[in-house]
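Colleague: Before I ask anything, let me first share the structure, which is written out below as structure tokens.
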Amino acid sequence: MEENMNLPNKLTIFRIILIPFFILILAAPIFSGSVTIAGTVIGNARWVATIIFIVASLTDFLDGQIARRRHLVTNFGKFADPLADKMLVMTAFIFLVEIGEVPAWVIAIIVCRELAVTGLRLIIVENNGAVIAAAWPGKIKTTTQMLAIILLFLNNVFFAAINFPLDQIMLYTCLFFTIYSGIDYFVQNRSVFADSF
């Protein structure tokens with residue numbers, strides 16, 4: 001295990017460790033009160049949790065960049081990095097449903113897509129290990145997910161004052177690319193099911 005503990009893997013583990021703190025801050029009455037930023041009232045628990053989410057999201061970007069540039073890709077990283085990403089994003093979306101910021105049906109679609117693609121990736125690895133890297137629709141999905149989550153937790157700060165629903169725009173853009181990238185991934189890997197029909 002020691003040989004796998006390179007910098008990218010340490011960043012991935014750090015991201016996973018941040019998730020329980022993210023949950024604790026939102027679930028437990030630790031931070032009461034609120035602050036006002038640019039005319040938008042934000043609960044203290046929400047902005048503190050958002051900072052943790054941003055830090056965790058930055059480690060998601062950094063570990064992949066470092067692993068590729070320094071050729072530090074490991075089996076642990078291939079497993080843990082996407083898992084940590086999904087754990088973080090799904091946890092955030094579930095809390096957004098709980099506090100009434102996001103419709104449950106939107107998150108149900110996102111969760112189903114992630115489970116389907118994860119299952120397909122496992123089948124591909126078992127067959128020949130040639131997993132196709134995320135294409136641009138998947139990258140747009142990830143980016144808009146992160147932006148939507150941040151804006152939704154912060155009550156659309158900076159844009160609420162001008163009545164511009166950027167948080168909702170990001171959410172439904174994310175939903176569109178979640179569906180589109182999922183379909184695209186299955187189409188690109190349709191050969192996996194060639195013996196099924």
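In the structure tokens, the first chain shown is A, the next is B, and so on; residue numbers restart at 1 for each chain, and ligands run from 1 in the order shown.
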Could you name the residues that touch Val111 of chain A at 10 Å or less, counting only C-alpha atoms, but leaving out those on the same chain fewer than 2 positions away, as a VMD selection string?
Modeller: chain A and resid 86 89 to 90 93 to 94 105 to 109 113 to 116 178
Colleague: Would you output that residue set with N, CA and C atoms, as a tab-separated table (two decimals), in the first residue's frame?
Modeller:
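Below is the file again_12.tsv, written as the result:
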```
chain	number	residue	atom	x	y	z
A	86	LYS	N	-17.84	10.93	-6.84
A	86	LYS	CA	-19.27	10.62	-6.78
A	86	LYS	C	-19.81	10.73	-5.35
A	89	VAL	N	-20.17	14.59	-4.62
A	89	VAL	CA	-21.25	15.24	-5.37
A	89	VAL	C	-22.62	14.72	-4.95
A	90	MET	N	-22.75	13.40	-4.80
A	90	MET	CA	-24.04	12.84	-4.41
A	90	MET	C	-24.44	13.27	-3.01
A	93	PHE	N	-25.74	16.84	-3.29
A	93	PHE	CA	-27.06	16.89	-3.92
A	93	PHE	C	-28.16	16.38	-2.97
A	94	ILE	N	-27.85	15.34	-2.22
A	94	ILE	CA	-28.84	14.80	-1.27
A	94	ILE	C	-29.21	15.85	-0.22
A	105	TRP	N	-36.51	14.57	-8.24
A	105	TRP	CA	-36.48	13.83	-9.50
A	105	TRP	C	-35.20	14.14	-10.29
A	106	VAL	N	-34.69	15.36	-10.15
A	106	VAL	CA	-33.44	15.72	-10.84
A	106	VAL	C	-32.29	14.88	-10.30
A	107	ILE	N	-32.22	14.77	-8.99
A	107	ILE	CA	-31.13	14.02	-8.36
A	107	ILE	C	-31.28	12.53	-8.61
A	108	ALA	N	-32.54	12.05	-8.69
A	108	ALA	CA	-32.77	10.63	-9.00
A	108	ALA	C	-32.18	10.29	-10.36
A	109	ILE	N	-32.38	11.17	-11.33
A	109	ILE	CA	-31.83	10.94	-12.68
A	109	ILE	C	-30.30	10.93	-12.64
A	113	ARG	N	-27.89	7.71	-13.50
A	113	ARG	CA	-26.86	7.81	-14.57
A	113	ARG	C	-25.50	7.38	-14.03
A	114	GLU	N	-25.15	7.89	-12.85
A	114	GLU	CA	-23.84	7.57	-12.28
A	114	GLU	C	-23.72	6.07	-11.99
A	115	LEU	N	-24.78	5.46	-11.48
A	115	LEU	CA	-24.75	4.02	-11.22
A	115	LEU	C	-24.61	3.23	-12.52
A	116	ALA	N	-25.33	3.65	-13.55
A	116	ALA	CA	-25.29	2.95	-14.84
A	116	ALA	C	-23.91	3.02	-15.47
A	178	THR	N	-25.65	15.45	-17.95
A	178	THR	CA	-25.62	14.17	-17.24
A	178	THR	C	-26.27	13.10	-18.11
```
Colleague: Using only C-alpha atoms, which residues sit within 9 Å of segment 63-68 of chain A once same-chain residues fewer than 6 positions away are excluded, as a list in words?
Modeller: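 Here the answer would be Asn6, Leu7, Pro8, Asn9, Lys10, Leu11, Thr12, Thr74, Gly77 and Asp81 of chain A.
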Colleague: For those residues, write N, CA and C atoms to a file as a PDB file, in the first residue's frame.
Modeller:
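Below you can see out-v3.pdb, which holds the result:
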```pdb
ATOM      1  N   ASN A   6       1.252   7.936  -3.261  1.00  0.00           N
ATOM      2  CA  ASN A   6       1.864   9.090  -3.888  1.00  0.00           C
ATOM      3  C   ASN A   6       0.960  10.303  -3.650  1.00  0.00           C
ATOM      4  N   LEU A   7       1.361  11.456  -4.141  1.00  0.00           N
ATOM      5  CA  LEU A   7       0.635  12.697  -3.876  1.00  0.00           C
ATOM      6  C   LEU A   7      -0.813  12.668  -4.389  1.00  0.00           C
ATOM      7  N   PRO A   8      -1.059  12.231  -5.623  1.00  0.00           N
ATOM      8  CA  PRO A   8      -2.454  12.182  -6.087  1.00  0.00           C
ATOM      9  C   PRO A   8      -3.349  11.314  -5.192  1.00  0.00           C
ATOM     10  N   ASN A   9      -2.830  10.155  -4.758  1.00  0.00           N
ATOM     11  CA  ASN A   9      -3.634   9.285  -3.899  1.00  0.00           C
ATOM     12  C   ASN A   9      -3.870   9.909  -2.523  1.00  0.00           C
ATOM     13  N   LYS A  10      -2.887  10.636  -2.033  1.00  0.00           N
ATOM     14  CA  LYS A  10      -3.064  11.330  -0.754  1.00  0.00           C
ATOM     15  C   LYS A  10      -4.143  12.407  -0.871  1.00  0.00           C
ATOM     16  N   LEU A  11      -4.174  13.095  -2.003  1.00  0.00           N
ATOM     17  CA  LEU A  11      -5.204  14.107  -2.237  1.00  0.00           C
ATOM     18  C   LEU A  11      -6.587  13.468  -2.313  1.00  0.00           C
ATOM     19  N   THR A  12      -6.660  12.294  -2.939  1.00  0.00           N
ATOM     20  CA  THR A  12      -7.928  11.573  -3.037  1.00  0.00           C
ATOM     21  C   THR A  12      -8.422  11.158  -1.656  1.00  0.00           C
ATOM     22  N   THR A  74      -2.233   4.870 -10.574  1.00  0.00           N
ATOM     23  CA  THR A  74      -2.209   3.579  -9.891  1.00  0.00           C
ATOM     24  C   THR A  74      -3.610   2.967  -9.910  1.00  0.00           C
ATOM     25  N   GLY A  77      -5.757   4.705  -7.413  1.00  0.00           N
ATOM     26  CA  GLY A  77      -6.235   5.984  -7.919  1.00  0.00           C
ATOM     27  C   GLY A  77      -7.387   5.826  -8.896  1.00  0.00           C
ATOM     28  N   ASP A  81     -10.412   7.646  -6.994  1.00  0.00           N
ATOM     29  CA  ASP A  81     -10.659   9.007  -7.473  1.00  0.00           C
ATOM     30  C   ASP A  81     -12.101   9.203  -7.952  1.00  0.00           C
TER      31      ASP A  81
END
```
Colleague: Name the closest residue to Thr118 of chain A among the candidates A:Trp136, A:Phe61, A:Tyr185, A:Phe159; distances are taken between atoms, counting only C-alpha atoms.
Modeller: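 Looking only at the distances to Thr118 of chain A, the closest residue turns out to be A:Tyr185.
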Colleague: What parts of segment 61-176 of chain A does DSSP call helix (DSSP H, G or I)? I'd like the answer as JSON, numbers by chain.
Modeller: {"A": [61, 62, 63, 64, 65, 66, 67, 68, 69, 75, 76, 77, 78, 79, 80, 81, 82, 83, 84, 85, 86, 87, 88, 89, 90, 91, 92, 93, 94, 95, 96, 97, 98, 104, 105, 106, 107, 108, 109, 110, 111, 112, 113, 114, 115, 116, 117, 118, 119, 120, 121, 122, 123, 124, 125, 126, 127, 136, 137, 138, 139, 140, 141, 142, 143, 144, 145, 146, 147, 148, 149, 150, 151, 152, 153, 160, 161, 162, 166, 167, 168, 169, 170, 171, 172, 173, 174, 175, 176]}
Colleague: How would the residues just picked look written out with C-alpha atoms as a PDB file, in the first residue's frame?
Modeller:
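Dumped everything to part-v3.pdb:
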```pdb
ATOM      1  CA  PHE A  61      -8.872  18.557 -10.185  1.00  0.00           C
ATOM      2  CA  LEU A  62      -5.346  18.487  -8.788  1.00  0.00           C
ATOM      3  CA  ASP A  63      -4.949  14.753  -8.183  1.00  0.00           C
ATOM      4  CA  GLY A  64      -5.858  13.893 -11.769  1.00  0.00           C
ATOM      5  CA  GLN A  65      -3.561  16.564 -13.222  1.00  0.00           C
ATOM      6  CA  ILE A  66      -0.611  15.510 -11.055  1.00  0.00           C
ATOM      7  CA  ALA A  67      -1.144  11.795 -11.700  1.00  0.00           C
ATOM      8  CA  ARG A  68      -1.128  12.247 -15.479  1.00  0.00           C
ATOM      9  CA  ARG A  69       1.756  14.715 -15.661  1.00  0.00           C
ATOM     10  CA  ASN A  75      -4.991   1.026  -9.552  1.00  0.00           C
ATOM     11  CA  PHE A  76      -5.923   2.604  -6.223  1.00  0.00           C
ATOM     12  CA  GLY A  77      -6.235   5.984  -7.919  1.00  0.00           C
ATOM     13  CA  LYS A  78      -8.348   4.576 -10.741  1.00  0.00           C
ATOM     14  CA  PHE A  79     -10.714   3.127  -8.148  1.00  0.00           C
ATOM     15  CA  ALA A  80     -10.722   5.780  -5.424  1.00  0.00           C
ATOM     16  CA  ASP A  81     -10.659   9.007  -7.473  1.00  0.00           C
ATOM     17  CA  PRO A  82     -13.993   8.569  -9.296  1.00  0.00           C
ATOM     18  CA  LEU A  83     -15.509   7.025  -6.158  1.00  0.00           C
ATOM     19  CA  ALA A  84     -14.525  10.029  -4.050  1.00  0.00           C
ATOM     20  CA  ASP A  85     -15.893  12.369  -6.717  1.00  0.00           C
ATOM     21  CA  LYS A  86     -19.270  10.620  -6.782  1.00  0.00           C
ATOM     22  CA  MET A  87     -19.451  10.399  -2.974  1.00  0.00           C
ATOM     23  CA  LEU A  88     -18.822  14.133  -2.655  1.00  0.00           C
ATOM     24  CA  VAL A  89     -21.252  15.238  -5.367  1.00  0.00           C
ATOM     25  CA  MET A  90     -24.045  12.836  -4.415  1.00  0.00           C
ATOM     26  CA  THR A  91     -23.759  13.804  -0.742  1.00  0.00           C
ATOM     27  CA  ALA A  92     -24.054  17.487  -1.652  1.00  0.00           C
ATOM     28  CA  PHE A  93     -27.056  16.890  -3.919  1.00  0.00           C
ATOM     29  CA  ILE A  94     -28.844  14.801  -1.273  1.00  0.00           C
ATOM     30  CA  PHE A  95     -28.506  17.627   1.257  1.00  0.00           C
ATOM     31  CA  LEU A  96     -29.760  20.108  -1.348  1.00  0.00           C
ATOM     32  CA  VAL A  97     -32.870  17.950  -1.767  1.00  0.00           C
ATOM     33  CA  GLU A  98     -33.329  17.816   2.009  1.00  0.00           C
ATOM     34  CA  ALA A 104     -35.736  15.033  -5.951  1.00  0.00           C
ATOM     35  CA  TRP A 105     -36.480  13.835  -9.502  1.00  0.00           C
ATOM     36  CA  VAL A 106     -33.440  15.718 -10.839  1.00  0.00           C
ATOM     37  CA  ILE A 107     -31.128  14.021  -8.365  1.00  0.00           C
ATOM     38  CA  ALA A 108     -32.768  10.633  -8.995  1.00  0.00           C
ATOM     39  CA  ILE A 109     -31.825  10.935 -12.679  1.00  0.00           C
ATOM     40  CA  ILE A 110     -28.262  11.978 -11.827  1.00  0.00           C
ATOM     41  CA  VAL A 111     -27.810   9.075  -9.375  1.00  0.00           C
ATOM     42  CA  CYS A 112     -29.227   6.550 -11.870  1.00  0.00           C
ATOM     43  CA  ARG A 113     -26.863   7.806 -14.565  1.00  0.00           C
ATOM     44  CA  GLU A 114     -23.841   7.570 -12.282  1.00  0.00           C
ATOM     45  CA  LEU A 115     -24.751   4.021 -11.219  1.00  0.00           C
ATOM     46  CA  ALA A 116     -25.291   2.953 -14.836  1.00  0.00           C
ATOM     47  CA  VAL A 117     -21.988   4.388 -16.064  1.00  0.00           C
ATOM     48  CA  THR A 118     -20.102   2.966 -13.076  1.00  0.00           C
ATOM     49  CA  GLY A 119     -21.576  -0.468 -13.806  1.00  0.00           C
ATOM     50  CA  LEU A 120     -20.584  -0.189 -17.462  1.00  0.00           C
ATOM     51  CA  ARG A 121     -17.033   0.787 -16.493  1.00  0.00           C
ATOM     52  CA  LEU A 122     -16.764  -2.347 -14.344  1.00  0.00           C
ATOM     53  CA  ILE A 123     -17.910  -4.547 -17.231  1.00  0.00           C
ATOM     54  CA  ILE A 124     -15.398  -2.901 -19.572  1.00  0.00           C
ATOM     55  CA  VAL A 125     -12.540  -3.419 -17.122  1.00  0.00           C
ATOM     56  CA  GLU A 126     -13.496  -7.081 -16.655  1.00  0.00           C
ATOM     57  CA  ASN A 127     -13.588  -7.621 -20.425  1.00  0.00           C
ATOM     58  CA  TRP A 136     -16.197  16.811 -23.375  1.00  0.00           C
ATOM     59  CA  PRO A 137     -19.872  16.188 -22.421  1.00  0.00           C
ATOM     60  CA  GLY A 138     -18.703  14.435 -19.255  1.00  0.00           C
ATOM     61  CA  LYS A 139     -16.327  17.281 -18.428  1.00  0.00           C
ATOM     62  CA  ILE A 140     -19.109  19.841 -18.904  1.00  0.00           C
ATOM     63  CA  LYS A 141     -21.338  17.697 -16.673  1.00  0.00           C
ATOM     64  CA  THR A 142     -18.725  17.678 -13.907  1.00  0.00           C
ATOM     65  CA  THR A 143     -18.047  21.423 -14.147  1.00  0.00           C
ATOM     66  CA  THR A 144     -21.718  22.420 -14.138  1.00  0.00           C
ATOM     67  CA  GLN A 145     -22.408  20.021 -11.252  1.00  0.00           C
ATOM     68  CA  MET A 146     -19.761  21.714  -9.139  1.00  0.00           C
ATOM     69  CA  LEU A 147     -20.946  25.230 -10.040  1.00  0.00           C
ATOM     70  CA  ALA A 148     -24.601  24.347  -9.444  1.00  0.00           C
ATOM     71  CA  ILE A 149     -23.858  22.884  -6.006  1.00  0.00           C
ATOM     72  CA  ILE A 150     -21.815  25.920  -4.933  1.00  0.00           C
ATOM     73  CA  LEU A 151     -24.419  28.421  -6.129  1.00  0.00           C
ATOM     74  CA  LEU A 152     -27.342  26.469  -4.640  1.00  0.00           C
ATOM     75  CA  PHE A 153     -25.716  26.251  -1.214  1.00  0.00           C
ATOM     76  CA  ALA A 160     -29.872  36.784  -6.719  1.00  0.00           C
ATOM     77  CA  ALA A 161     -29.656  40.570  -6.385  1.00  0.00           C
ATOM     78  CA  ILE A 162     -30.129  40.986 -10.145  1.00  0.00           C
ATOM     79  CA  LEU A 166     -27.626  31.155 -12.532  1.00  0.00           C
ATOM     80  CA  ASP A 167     -27.944  28.398  -9.910  1.00  0.00           C
ATOM     81  CA  GLN A 168     -30.973  26.934 -11.709  1.00  0.00           C
ATOM     82  CA  ILE A 169     -29.359  27.379 -15.122  1.00  0.00           C
ATOM     83  CA  MET A 170     -26.299  25.440 -13.936  1.00  0.00           C
ATOM     84  CA  LEU A 171     -28.503  22.749 -12.347  1.00  0.00           C
ATOM     85  CA  TYR A 172     -30.510  22.026 -15.478  1.00  0.00           C
ATOM     86  CA  THR A 173     -27.467  22.373 -17.744  1.00  0.00           C
ATOM     87  CA  CYS A 174     -25.835  19.793 -15.508  1.00  0.00           C
ATOM     88  CA  LEU A 175     -28.931  17.566 -15.794  1.00  0.00           C
ATOM     89  CA  PHE A 176     -28.876  17.813 -19.598  1.00  0.00           C
TER      90      PHE A 176
END
```
Colleague: Could you check the closest approach to Ile52 of chain A for each of A:Ala194, A:Ala135, A:Ile17, A:Ala27 and tell me which residue wins, using only C-alpha atoms?
Modeller: A:Ile17
Colleague: If you run DSSP on the backbone here, which positions in segment 20-70 of chain A get strand (DSSP E or B)? Please write them as a PyMOL selection string.
Modeller: chain A and resi 34-37+40-43
Colleague: Just the number, please: distance in Å from atom CA of Phe53 of chain A to atom CA of Phe22 of chain A, one decimal.
Modeller: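 We find that atom CA of Phe53 of chain A and atom CA of Phe22 of chain A lie 7.2 Å from each other.
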Colleague: With only C-alpha atoms as the atoms that count, which of A:Ile23, A:Leu58, A:Met5, A:Ala49 lies nearest to Val73 of chain A?
Modeller: A:Met5
Colleague: Could you tell me how far atom CA of Val48 of chain A sits from atom CA of Asn155 of chain A, in Å to one decimal place?
Modeller: 13.4 Å
Colleague: Of the candidates A:Leu24, A:Ile99, A:Leu154, A:Ile16, which one gets nearest to Trp47 of chain A if we count only C-alpha atoms?
Modeller: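 Going through A:Leu24, A:Ile99, A:Leu154, A:Ile16 one by one, the smallest distance to Trp47 of chain A is for A:Leu154.
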